[in-house]
file input.pdb (PDB, C-alpha atoms and all ligand atoms)
MODEL        1
ATOM      1  CA  MET Q 618       0.000   0.000   0.000
ATOM      2  CA  GLU Q 619       1.200   3.497  -0.777
ATOM      3  CA  LEU Q 620       1.709   5.768   2.237
ATOM      4  CA  THR Q 621      -1.155   8.069   1.243
ATOM      5  CA  GLU Q 622      -3.470   5.103   0.921
ATOM      6  CA  VAL Q 623      -2.489   3.873   4.406
ATOM      7  CA  ILE Q 624      -3.005   7.328   5.915
ATOM      8  CA  GLU Q 625      -6.401   7.664   4.271
ATOM      9  CA  LYS Q 626      -7.438   4.138   5.169
ATOM     10  CA  ARG Q 627      -6.631   4.333   8.903
ATOM     11  CA  ARG Q 628      -9.768   4.555  11.020
ATOM     12  CA  SER Q 629     -10.320   4.215  14.737
ATOM     13  CA  ILE Q 630     -11.584   0.655  15.055
ATOM     14  CA  ARG Q 631     -13.979  -0.078  17.888
ATOM     15  CA  LYS Q 632     -15.035  -3.630  17.098
ATOM     16  CA  PHE Q 633     -12.549  -6.496  16.901
ATOM     17  CA  SER Q 634     -12.694 -10.181  15.978
ATOM     18  CA  ASP Q 635     -11.418 -12.858  18.372
ATOM     19  CA  LYS Q 636      -8.595 -13.787  16.016
ATOM     20  CA  PRO Q 637      -5.264 -13.435  17.850
ATOM     21  CA  VAL Q 638      -2.441 -11.225  16.603
ATOM     22  CA  SER Q 639       0.926 -12.970  16.447
ATOM     23  CA  ARG Q 640       3.867 -11.683  18.448
ATOM     24  CA  GLY Q 641       5.803 -11.479  15.178
ATOM     25  CA  ILE Q 642       3.323  -8.920  13.866
ATOM     26  CA  LEU Q 643       3.207  -7.077  17.175
ATOM     27  CA  THR Q 644       7.002  -6.858  17.211
ATOM     28  CA  GLU Q 645       6.856  -5.403  13.703
ATOM     29  CA  LEU Q 646       4.449  -2.718  14.939
ATOM     30  CA  ILE Q 647       6.762  -1.766  17.783
ATOM     31  CA  ARG Q 648       9.775  -1.702  15.450
ATOM     32  CA  GLU Q 649       8.007   0.879  13.279
ATOM     33  CA  ALA Q 650       6.794   2.829  16.311
ATOM     34  CA  ALA Q 651      10.354   3.063  17.581
ATOM     35  CA  LEU Q 652      11.450   4.621  14.278
ATOM     36  CA  ALA Q 653       9.420   7.745  15.025
ATOM     37  CA  PRO Q 654      11.278  10.975  15.777
ATOM     38  CA  THR Q 655      11.887  11.938  19.417
ATOM     39  CA  ALA Q 656      12.995  15.238  20.908
ATOM     40  CA  SER Q 657      16.793  15.171  21.337
ATOM     41  CA  ASN Q 658      16.647  11.586  20.059
ATOM     42  CA  LEU Q 659      15.725  10.661  23.615
ATOM     43  CA  GLN Q 660      13.762   7.479  22.765
ATOM     44  CA  ALA Q 661      12.458   7.380  26.309
ATOM     45  CA  TRP Q 662       9.278   5.574  25.323
ATOM     46  CA  ARG Q 663       8.676   2.008  26.416
ATOM     47  CA  PHE Q 664       6.064  -0.191  24.744
ATOM     48  CA  PHE Q 665       4.075  -2.587  26.881
ATOM     49  CA  VAL Q 666       2.270  -5.114  24.736
ATOM     50  CA  ALA Q 667      -0.537  -6.796  26.660
ATOM     51  CA  ASP Q 668      -1.635  -9.953  24.834
ATOM     52  CA  ASP Q 669      -2.458 -12.043  27.883
ATOM     53  CA  PRO Q 670      -6.265 -12.276  27.709
ATOM     54  CA  GLU Q 671      -6.705 -11.828  31.448
ATOM     55  CA  LEU Q 672      -4.517  -8.729  31.554
ATOM     56  CA  VAL Q 673      -6.247  -7.326  28.460
ATOM     57  CA  ARG Q 674      -9.633  -7.874  30.118
ATOM     58  CA  ASP Q 675      -8.469  -6.190  33.315
ATOM     59  CA  ILE Q 676      -7.097  -3.143  31.466
ATOM     60  CA  ASP Q 677     -10.334  -3.023  29.476
ATOM     61  CA  SER Q 678     -12.307  -2.938  32.738
ATOM     62  CA  PHE Q 679     -10.449   0.176  33.843
ATOM     63  CA  SER Q 680     -10.641   1.967  30.489
ATOM     64  CA  PRO Q 681     -14.071   3.521  29.881
ATOM     65  CA  GLY Q 682     -12.965   4.828  26.490
ATOM     66  CA  LEU Q 683     -11.933   1.442  25.161
ATOM     67  CA  SER Q 684     -14.384  -0.345  22.892
ATOM     68  CA  GLY Q 685     -14.784  -3.538  20.959
ATOM     69  CA  LYS Q 686     -12.895  -6.173  22.955
ATOM     70  CA  PRO Q 687      -9.455  -5.988  21.311
ATOM     71  CA  PRO Q 688      -7.196  -9.042  21.746
ATOM     72  CA  VAL Q 689      -4.198  -6.778  22.348
ATOM     73  CA  ILE Q 690      -3.642  -3.481  24.120
ATOM     74  CA  ILE Q 691      -0.370  -1.627  23.694
ATOM     75  CA  ALA Q 692       0.541   0.903  26.353
ATOM     76  CA  ILE Q 693       3.111   3.543  25.514
ATOM     77  CA  ALA Q 694       4.852   4.819  28.612
ATOM     78  CA  SER Q 695       7.730   7.229  29.142
ATOM     79  CA  ASP Q 696      10.760   6.485  31.247
ATOM     80  CA  LEU Q 697      10.872   9.652  33.354
ATOM     81  CA  ALA Q 698      14.135   8.664  34.996
ATOM     82  CA  GLU Q 699      15.878   8.526  31.637
ATOM     83  CA  ALA Q 700      14.241  11.779  30.518
ATOM     84  CA  GLU Q 701      15.383  13.498  33.686
ATOM     85  CA  ARG Q 702      18.892  12.174  33.261
ATOM     86  CA  ARG Q 703      19.325  12.845  29.550
ATOM     87  CA  GLY Q 704      16.568  15.196  28.499
ATOM     88  CA  SER Q 705      15.644  18.814  29.007
ATOM     89  CA  LYS Q 706      12.963  20.315  31.208
ATOM     90  CA  ASN Q 707      10.802  20.620  28.112
ATOM     91  CA  SER Q 708      11.004  16.943  27.413
ATOM     92  CA  LEU Q 709       9.452  16.226  30.789
ATOM     93  CA  VAL Q 710       6.744  18.846  30.338
ATOM     94  CA  TYR Q 711       5.599  18.044  26.807
ATOM     95  CA  GLY Q 712       8.318  16.362  24.754
ATOM     96  CA  LEU Q 713       7.649  12.856  26.024
ATOM     97  CA  MET Q 714       3.964  13.105  25.266
ATOM     98  CA  MET Q 715       4.683  14.277  21.724
ATOM     99  CA  ASP Q 716       7.234  11.525  21.258
ATOM    100  CA  ALA Q 717       4.660   8.968  22.352
ATOM    101  CA  ALA Q 718       2.046  10.450  20.008
ATOM    102  CA  MET Q 719       4.403  10.221  17.047
ATOM    103  CA  ALA Q 720       5.291   6.633  17.872
ATOM    104  CA  ALA Q 721       1.594   5.862  18.258
ATOM    105  CA  GLU Q 722       0.808   7.175  14.783
ATOM    106  CA  ASN Q 723       3.646   5.152  13.238
ATOM    107  CA  LEU Q 724       2.294   2.092  14.993
ATOM    108  CA  MET Q 725      -1.266   2.703  13.871
ATOM    109  CA  LEU Q 726      -0.253   3.315  10.270
ATOM    110  CA  LYS Q 727       1.836   0.146  10.146
ATOM    111  CA  ALA Q 728      -1.105  -1.753  11.638
ATOM    112  CA  THR Q 729      -3.378  -0.346   8.945
ATOM    113  CA  GLU Q 730      -0.975  -1.472   6.265
ATOM    114  CA  LEU Q 731      -1.098  -5.000   7.712
ATOM    115  CA  GLY Q 732      -4.912  -4.987   7.755
ATOM    116  CA  LEU Q 733      -5.102  -4.573  11.533
ATOM    117  CA  GLY Q 734      -7.382  -2.160  13.336
ATOM    118  CA  THR Q 735      -6.318   0.178  16.122
ATOM    119  CA  CYS Q 736      -7.743   2.899  18.303
ATOM    120  CA  ALA Q 737      -5.855   5.428  20.407
ATOM    121  CA  ILE Q 738      -7.285   5.498  23.920
ATOM    122  CA  LYS Q 739      -6.746   8.285  26.380
ATOM    123  CA  SER Q 740      -9.782   7.582  28.495
ATOM    124  CA  TYR Q 741      -8.455   5.066  30.989
ATOM    125  CA  ASN Q 742      -7.786   5.123  34.682
ATOM    126  CA  ASP Q 743      -4.125   6.002  34.924
ATOM    127  CA  LYS Q 744      -3.427   4.632  38.386
ATOM    128  CA  ALA Q 745      -5.241   1.351  37.823
ATOM    129  CA  VAL Q 746      -3.597   0.623  34.458
ATOM    130  CA  HIS Q 747      -0.225   1.654  35.871
ATOM    131  CA  LYS Q 748      -0.724  -0.891  38.634
ATOM    132  CA  LEU Q 749      -2.004  -3.636  36.323
ATOM    133  CA  LEU Q 750       1.104  -3.275  34.131
ATOM    134  CA  LYS Q 751       3.300  -3.279  37.257
ATOM    135  CA  LEU Q 752       5.003  -0.104  36.105
ATOM    136  CA  PRO Q 753       7.532   1.530  38.436
ATOM    137  CA  ASP Q 754       6.848   5.079  39.643
ATOM    138  CA  THR Q 755       9.477   6.361  37.210
ATOM    139  CA  MET Q 756       7.300   5.289  34.281
ATOM    140  CA  ARG Q 757       4.502   7.574  33.023
ATOM    141  CA  LEU Q 758       1.680   6.164  30.943
ATOM    142  CA  GLU Q 759       1.089   8.272  27.845
ATOM    143  CA  ILE Q 760      -1.513   6.445  25.762
ATOM    144  CA  LEU Q 761      -3.111   3.064  25.144
ATOM    145  CA  ILE Q 762      -3.693   1.632  21.690
ATOM    146  CA  SER Q 763      -6.121  -1.194  21.109
ATOM    147  CA  VAL Q 764      -5.003  -3.603  18.404
ATOM    148  CA  GLY Q 765      -6.793  -6.443  16.640
ATOM    149  CA  TRP Q 766      -8.393  -7.609  13.430
ATOM    150  CA  PRO Q 767     -11.323  -5.316  12.639
ATOM    151  CA  ALA Q 768     -14.805  -6.812  12.832
ATOM    152  CA  ALA Q 769     -16.581  -3.775  11.428
ATOM    153  CA  GLU Q 770     -15.831  -1.030   8.935
ATOM    154  CA  PRO Q 771     -16.444   2.291  10.686
ATOM    155  CA  ARG Q 772     -17.958   5.129   8.771
ATOM    156  CA  GLU Q 773     -15.797   8.038   7.650
ATOM    157  CA  PRO Q 774     -15.570  10.693  10.384
ATOM    158  CA  LYS Q 775     -16.248  14.284   9.453
ATOM    159  CA  ARG Q 776     -13.133  16.232   8.576
ATOM    160  CA  LYS Q 777     -12.589  19.962   8.713
ATOM    161  CA  ALA Q 778     -12.313  21.784   5.413
ATOM    162  CA  MET Q 779      -8.772  22.623   4.299
ATOM    163  CA  GLU Q 780      -9.459  26.361   4.430
ATOM    164  CA  ASP Q 781     -10.213  26.005   8.140
ATOM    165  CA  VAL Q 782      -6.930  24.345   8.993
ATOM    166  CA  LEU Q 783      -4.392  25.388   6.347
ATOM    167  CA  PHE Q 784      -2.715  28.808   6.602
ATOM    168  CA  TRP Q 785      -0.038  29.998   4.204
ATOM    169  CA  ASN Q 786       2.675  31.814   6.122
ATOM    170  CA  THR Q 787       0.636  33.807   8.637
ATOM    171  CA  TRP Q 788      -2.723  33.547  10.352
ATOM    172  CA  GLU Q 789      -5.761  35.281   8.978
ATOM    173  CA  GLU Q 790      -9.439  35.037   9.848
ATOM    174  CA  PRO Q 791     -10.793  32.032   7.957
ATOM    175  CA  GLU Q 792     -13.821  32.608   5.765
ATOM    176  CA  ALA Q 793     -16.857  31.210   7.533
ATOM    177  CA  SER Q 794     -17.140  27.774   5.985
ATOM    178  CA  GLU Q 795     -20.065  25.414   6.096
ATOM    179  CA  GLU Q 796     -19.478  24.045   9.558
ATOM    180  CA  ALA Q 797     -18.396  20.821   7.934
ATOM    181  CA  ALA Q 798     -16.854  19.317  10.981
ATOM    182  CA  GLU Q 799     -17.592  21.555  13.930
ATOM    183  CA  LYS Q 800     -17.502  18.830  16.473
ATOM    184  CA  PRO Q 801     -14.884  16.145  16.857
ATOM    185  CA  GLU Q 802     -16.130  12.621  16.544
ATOM    186  CA  ALA Q 803     -14.189  11.562  19.620
ATOM    187  CA  GLY Q 804     -16.698  10.742  22.289
ATOM    188  CA  LYS Q 805     -19.274   9.105  20.094
ATOM    189  CA  GLU Q 806     -17.734   5.687  20.191
ATOM    190  CA  ALA Q 807     -15.751   6.410  23.321
ATOM    191  CA  VAL Q 808     -18.376   4.496  25.137
ATOM    192  CA  ARG Q 809     -18.027   0.787  25.454
ATOM    193  CA  THR Q 810     -21.090  -0.601  23.826
ATOM    194  CA  ASP Q 811     -20.112  -4.206  23.903
ATOM    195  CA  ASN Q 812     -20.806  -5.070  27.477
ATOM    196  CA  GLY Q 813     -24.557  -4.737  27.534
ATOM    197  CA  LYS Q 814     -26.889  -7.479  26.475
ATOM    198  CA  SER Q 815     -24.539 -10.432  26.299
ATOM    199  CA  ALA Q 816     -23.196  -9.550  29.736
ATOM    200  CA  ALA Q 817     -26.698  -9.346  31.077
ATOM    201  CA  ARG Q 818     -27.509 -12.680  29.457
ATOM    202  CA  ALA Q 819     -24.499 -14.134  31.217
ATOM    203  CA  ALA Q 820     -25.906 -12.710  34.434
ATOM    204  CA  ALA Q 821     -29.204 -14.386  33.734
ATOM    205  CA  ALA Q 822     -27.435 -17.679  33.042
ATOM    206  CA  PHE Q 823     -25.982 -17.471  36.514
ATOM    207  CA  ALA Q 824     -29.390 -16.803  37.912
ATOM    208  CA  SER Q 825     -30.538 -18.730  40.896
ATOM    209  CA  GLU Q 826     -34.139 -19.799  41.274
ATOM    210  CA  ASN Q 827     -34.218 -18.886  44.930
ATOM    211  CA  THR Q 828     -34.243 -15.156  45.489
ATOM    212  CA  GLN Q 829     -34.329 -12.209  43.165
ATOM    213  CA  ALA Q 830     -31.166 -10.769  44.685
ATOM    214  CA  GLN Q 831     -29.249 -13.887  43.720
ATOM    215  CA  GLN Q 832     -30.220 -13.457  40.106
ATOM    216  CA  PHE Q 833     -27.458 -10.928  39.575
ATOM    217  CA  ASN Q 834     -24.004 -12.079  38.677
ATOM    218  CA  LYS Q 835     -21.520 -10.588  41.115
ATOM    219  CA  LYS Q 836     -18.893 -10.205  38.368
ATOM    220  CA  GLU Q 837     -21.284  -8.170  36.202
ATOM    221  CA  LEU Q 838     -22.191  -5.943  39.094
ATOM    222  CA  GLN Q 839     -18.515  -5.459  39.878
ATOM    223  CA  ASP Q 840     -17.804  -4.600  36.243
ATOM    224  CA  LEU Q 841     -20.550  -1.995  36.340
ATOM    225  CA  LEU Q 842     -19.148  -0.574  39.569
ATOM    226  CA  ILE Q 843     -15.661  -0.357  38.028
ATOM    227  CA  TYR Q 844     -17.087   1.282  34.912
ATOM    228  CA  MET Q 845     -18.832   3.889  37.049
ATOM    229  CA  ILE Q 846     -15.799   4.609  39.231
ATOM    230  CA  THR Q 847     -13.381   4.868  36.314
ATOM    231  CA  SER Q 848     -15.871   7.009  34.398
ATOM    232  CA  ALA Q 849     -16.145   9.375  37.348
ATOM    233  CA  ALA Q 850     -12.376   9.427  37.744
ATOM    234  CA  GLY Q 851     -11.909  10.251  34.065
ATOM    235  CA  LEU Q 852     -14.437  13.059  33.917
ATOM    236  CA  PRO Q 853     -12.458  16.010  35.334
ATOM    237  CA  GLY Q 854     -10.122  15.789  32.337
ATOM    238  CA  GLU Q 855     -12.668  14.934  29.667
ATOM    239  CA  PRO Q 856     -15.019  17.010  27.495
ATOM    240  CA  HIS Q 857     -18.160  17.997  29.418
ATOM    241  CA  MET Q 858     -20.465  15.913  27.224
ATOM    242  CA  TYR Q 859     -18.741  12.736  28.390
ATOM    243  CA  GLY Q 860     -20.463  13.057  31.788
ATOM    244  CA  PRO Q 861     -24.029  12.482  30.549
ATOM    245  CA  LEU Q 862     -22.662   9.851  28.180
ATOM    246  CA  ARG Q 863     -20.966   7.824  30.913
ATOM    247  CA  LEU Q 864     -23.990   8.111  33.168
ATOM    248  CA  ILE Q 865     -26.468   6.977  30.525
ATOM    249  CA  GLU Q 866     -24.123   4.146  29.500
ATOM    250  CA  SER Q 867     -24.056   2.978  33.147
ATOM    251  CA  SER Q 868     -27.851   3.199  33.200
ATOM    252  CA  ARG Q 869     -28.065   1.208  29.988
ATOM    253  CA  ARG Q 870     -25.924  -1.567  31.423
ATOM    254  CA  LEU Q 871     -27.977  -1.685  34.594
ATOM    255  CA  ALA Q 872     -31.234  -1.680  32.607
ATOM    256  CA  GLY Q 873     -29.910  -4.602  30.545
ATOM    257  CA  MET Q 874     -29.068  -6.553  33.668
ATOM    258  CA  LEU Q 875     -32.416  -5.792  35.269
ATOM    259  CA  GLY Q 876     -34.220  -6.791  32.092
ATOM    260  CA  ASP Q 877     -32.462 -10.122  31.876
ATOM    261  CA  ALA Q 878     -32.851 -10.857  35.565
ATOM    262  CA  TYR Q 879     -36.487  -9.830  35.959
ATOM    263  CA  GLY Q 880     -37.826  -9.477  32.418
ATOM    264  CA  GLY Q 881     -40.148  -6.682  31.352
ATOM    265  CA  ALA Q 882     -40.767  -4.591  28.273
ATOM    266  CA  VAL Q 883     -39.728  -1.325  29.940
ATOM    267  CA  PHE Q 884     -36.139  -2.475  30.417
ATOM    268  CA  GLU Q 885     -36.013  -3.692  26.844
ATOM    269  CA  GLU Q 886     -37.431  -0.435  25.508
ATOM    270  CA  LEU Q 887     -35.079   1.592  27.682
ATOM    271  CA  THR Q 888     -31.978  -0.245  26.477
ATOM    272  CA  ALA Q 889     -33.099   0.047  22.837
ATOM    273  CA  LEU Q 890     -33.802   3.758  23.274
ATOM    274  CA  ILE Q 891     -30.407   4.434  24.867
ATOM    275  CA  ASP Q 892     -28.529   2.298  22.321
ATOM    276  CA  ALA Q 893     -30.166   4.190  19.482
ATOM    277  CA  GLY Q 894     -29.345   7.635  20.896
ATOM    278  CA  LYS Q 895     -26.134   7.504  22.898
ATOM    279  CA  GLY Q 896     -23.887   7.827  19.845
ATOM    280  CA  LYS Q 897     -25.359  11.253  19.143
ATOM    281  CA  ASN Q 898     -23.621  12.981  22.017
ATOM    282  CA  MET Q 899     -20.925  14.592  19.863
ATOM    283  CA  THR Q 900     -22.519  14.748  16.428
ATOM    284  CA  ASP Q 901     -26.054  15.673  17.402
ATOM    285  CA  PRO Q 902     -26.141  17.081  20.970
ATOM    286  CA  GLU Q 903     -29.807  18.020  20.645
ATOM    287  CA  GLY Q 904     -30.725  14.505  19.564
ATOM    288  CA  PHE Q 905     -28.683  13.161  22.457
ATOM    289  CA  CYS Q 906     -30.480  15.396  24.970
ATOM    290  CA  GLU Q 907     -33.811  14.380  23.449
ATOM    291  CA  MET Q 908     -32.905  10.716  24.004
ATOM    292  CA  LEU Q 909     -32.030  11.485  27.659
ATOM    293  CA  GLN Q 910     -35.421  13.112  28.131
ATOM    294  CA  ASP Q 911     -37.171  10.188  26.410
ATOM    295  CA  ALA Q 912     -35.288   7.749  28.633
ATOM    296  CA  ALA Q 913     -36.358   9.665  31.738
ATOM    297  CA  ALA Q 914     -39.959   9.649  30.538
ATOM    298  CA  LYS Q 915     -39.779   5.922  29.808
ATOM    299  CA  ALA Q 916     -38.312   5.300  33.266
ATOM    300  CA  THR Q 917     -41.477   6.726  34.863
ATOM    301  CA  GLU Q 918     -43.187   3.513  33.735
ATOM    302  CA  LEU Q 919     -41.131   1.743  36.393
ATOM    303  CA  LEU Q 920     -42.890   3.626  39.177
TER     304      LEU Q 920
HETATM  305  C1  LIG Q1001      -5.064  11.465  21.961
HETATM  306  C2  LIG Q1001      -6.265  10.676  21.504
HETATM  307  C3  LIG Q1001      -7.106  10.103  22.441
HETATM  308  C4  LIG Q1001      -8.200   9.339  22.032
HETATM  309  N1  LIG Q1001      -8.966   8.720  22.977
HETATM  310  C5  LIG Q1001      -9.993   7.942  22.581
HETATM  311  C6  LIG Q1001     -10.737   7.218  23.548
HETATM  312  O1  LIG Q1001     -10.483   7.265  24.754
HETATM  313  N2  LIG Q1001     -11.753   6.430  23.097
HETATM  314  C7  LIG Q1001     -12.045   6.323  21.764
HETATM  315  O2  LIG Q1001     -12.967   5.579  21.422
HETATM  316  N3  LIG Q1001     -11.351   7.005  20.824
HETATM  317  C8  LIG Q1001     -10.323   7.791  21.197
HETATM  318  N4  LIG Q1001      -9.575   8.446  20.249
HETATM  319  C9  LIG Q1001      -9.879   8.285  18.801
HETATM  320  C10 LIG Q1001     -10.573   9.516  18.212
HETATM  321  O3  LIG Q1001     -11.896   9.582  18.683
HETATM  322  C11 LIG Q1001     -10.535   9.395  16.676
HETATM  323  O4  LIG Q1001      -9.205   9.420  16.261
HETATM  324  C12 LIG Q1001     -11.302  10.523  15.981
HETATM  325  O5  LIG Q1001     -12.671  10.450  16.269
HETATM  326  C13 LIG Q1001     -11.135  10.488  14.451
HETATM  327  O6  LIG Q1001     -11.537   9.256  13.900
HETATM  328  P1  LIG Q1001     -10.508   8.336  13.080
HETATM  329  O7  LIG Q1001      -9.394   7.932  14.024
HETATM  330  O8  LIG Q1001     -11.288   7.147  12.600
HETATM  331  O9  LIG Q1001      -9.944   9.141  11.970
HETATM  332  C14 LIG Q1001      -8.482   9.194  20.633
HETATM  333  C15 LIG Q1001      -7.630   9.787  19.694
HETATM  334  C16 LIG Q1001      -6.532  10.506  20.124
HETATM  335  C17 LIG Q1001      -5.615  11.099  19.080
ENDMDL
END
call {"tool": "encode", "arguments": {"input": "input.pdb", "output": "structure tokens", "more": "lines below"}}
Ligand SMILES: Cc1cc2nc3c(=O)[nH]c(=O)nc-3n(C[C@H](O)[C@H](O)[C@H](O)COP(=O)(O)O)c2cc1C
result
Amino acid sequence: MELTEVIEKRRSIRKFSDKPVSRGILTELIREAALAPTASNLQAWRFFVADDPELVRDIDSFSPGLSGKPPVIIAIASDLAEAERRGSKNSLVYGLMMDAAMAAENLMLKATELGLGTCAIKSYNDKAVHKLLKLPDTMRLEILISVGWPAAEPREPKRKAMEDVLFWNTWEEPEASEEAAEKPEAGKEAVRTDNGKSAARAAAAFASENTQAQQFNKKELQDLLIYMITSAAGLPGEPHMYGPLRLIESSRRLAGMLGDAYGGAVFEELTALIDAGKGKNMTDPEGFCEMLQDAAAKATELL
């Protein structure tokens, strides 16, 4: 594939197949990532490739922005000790992050060329993932990248018009363009949509005949709790629309579990309503708010 074709083809993938990715391929990705430029040629990044299914699942649990059950998660971290020893003050403040971003793009482009899907993830719980990867305090997590074979072709995100982003020599007021891409696509899929019904079905499979309380699977409840805590922890640094999104996603998961445990059309209608509208939070804020109002109205039927 030509470089331009690879660049144009890369999409954030948020649905992966179960097919594993070989360590040979993963090593190739890291080799290309490590060819990216770094400030002062510091090369202080370290690449942690999680391909152990249990570790991947655990990182996934603490990463509200991660979607689609990837078989591999690559964490790019910076060795602060090395940067302090060899780098400048600037490298600690912003250089390392830029270095990691450049390596990440190399990695994602190489993955695209190989037919793999990736998604950059910044919405994860830093402390929890740090701990899960057993990183020393001198290591700073910069970004996660999900990696796997794509199971769905995402639609083209909106892009800003060239006249809005390209300036020859000096800045001048851009002509008001059709607001082709006012809003970033980011948060739309930032929600994990894969945990709902099947998880609730699993809960129902665990169901005991005896009491209603026993009909919930402890693991599913714990997952929901973790999702809520990590969502809350991520919010101070995230765009304001993520708050309603995380809250309604938590509600959707709970509604799914309640529906499978107790049955009832209201739970089914609620989950369908939320699933249909939650993706609108970035592209169609009014439609998103309308869905929230509809969900609240629907919930009155539970009274
Ligand atoms: C620094 C950074 C952080 C991101 N964090 C997330 C994230 O937490 N969850 C997610 O689903 N996508 C995340 N993305 C992916 C963007 O949403 C995506 O790149 C953007 O919507 C454009 O779509 P495209 O990658 O298909 O071109 C992130 C991208 C970048 C560069």
call {"tool": "residues_around", "arguments": {"input": "input.pdb", "residues": "stretch 887-896 of chain Q", "least_positions_apart": "3", "cutoff": "7 Å", "atoms": "all atoms listed in the file", "output": "PyMOL selection string"}}
result
chain Q and resi 805-806+862+869+872-873+883-884+905+908+912+915
call {"tool": "write_last_selection", "arguments": {"input": "input.pdb", "atoms": "C-alpha atoms", "output": "tab-separated table (two decimals), in the frame of the given file"}}
result
chain	number	residue	atom	x	y	z
Q	805	LYS	CA	-19.27	9.10	20.09
Q	806	GLU	CA	-17.73	5.69	20.19
Q	862	LEU	CA	-22.66	9.85	28.18
Q	869	ARG	CA	-28.06	1.21	29.99
Q	872	ALA	CA	-31.23	-1.68	32.61
Q	873	GLY	CA	-29.91	-4.60	30.54
Q	883	VAL	CA	-39.73	-1.32	29.94
Q	884	PHE	CA	-36.14	-2.48	30.42
Q	905	PHE	CA	-28.68	13.16	22.46
Q	908	MET	CA	-32.90	10.72	24.00
Q	912	ALA	CA	-35.29	7.75	28.63
Q	915	LYS	CA	-39.78	5.92	29.81
call {"tool": "closest_residue", "arguments": {"input": "input.pdb", "among": "Q:Lys686, Q:Lys835, Q:Arg663, Q:Lys777", "to": "Q:Leu758", "atoms": "all atoms listed in the file"}}
result
Q:Arg663
call {"tool": "residues_near_ligand", "arguments": {"input": "input.pdb", "ligand": "ligand LIG 1001 (chain Q)", "cutoff": "10 Å", "atoms": "only C-alpha atoms and all ligand atoms", "output": "PyMOL selection string"}}
result
chain Q and resi 624-631+680-685+714+718+721-722+725+735-741+759-763+771-776+800-809+851+855+899
call {"tool": "resolve_selection", "arguments": {"input": "input.pdb", "expression": "the PyMOL selection byres (((chain Q and resi 716) around 8) and not hetatm)", "output": "ChimeraX atom specification"}}
result
/Q:653-656,660,662,712-715,717-720
call {"tool": "residues_around", "arguments": {"input": "input.pdb", "residues": "Q:Gln839", "least_positions_apart": "5", "cutoff": "12 Å", "atoms": "only C-alpha atoms", "output": "list in words"}}
result
Ser678, Phe679, Ala816, Ala820, Phe833, Asn834, Tyr844, Met845, Ile846, Arg870 and Leu871 of chain Q
call {"tool": "axis_aligned_box", "arguments": {"input": "input.pdb", "around": "stretch 706-724 of chain Q", "padding_each_side": "4 Å", "output": "JSON"}}
result
{"center_x": 6.9, "center_y": 11.4, "center_z": 22.2, "size_x": 20.2, "size_y": 26.5, "size_z": 26.0}
call {"tool": "closest_residue", "arguments": {"input": "input.pdb", "among": "Q:Val710, Q:Met874, Q:Leu750, Q:Met618", "to": "Q:Asp668", "atoms": "only C-alpha atoms"}}
result
Q:Leu750
call {"tool": "atom_distance", "arguments": {"input": "input.pdb", "atom1": "atom CA of Q:Leu783", "atom2": "atom CA of Q:Pro856"}}
result
25.1 Å
call {"tool": "residues_around", "arguments": {"input": "input.pdb", "residues": "Q:Thr755", "least_positions_apart": "3", "cutoff": "7 Å", "atoms": "all atoms listed in the file", "output": "list in words"}}
result
Asp696, Leu697 and Ala698 of chain Q
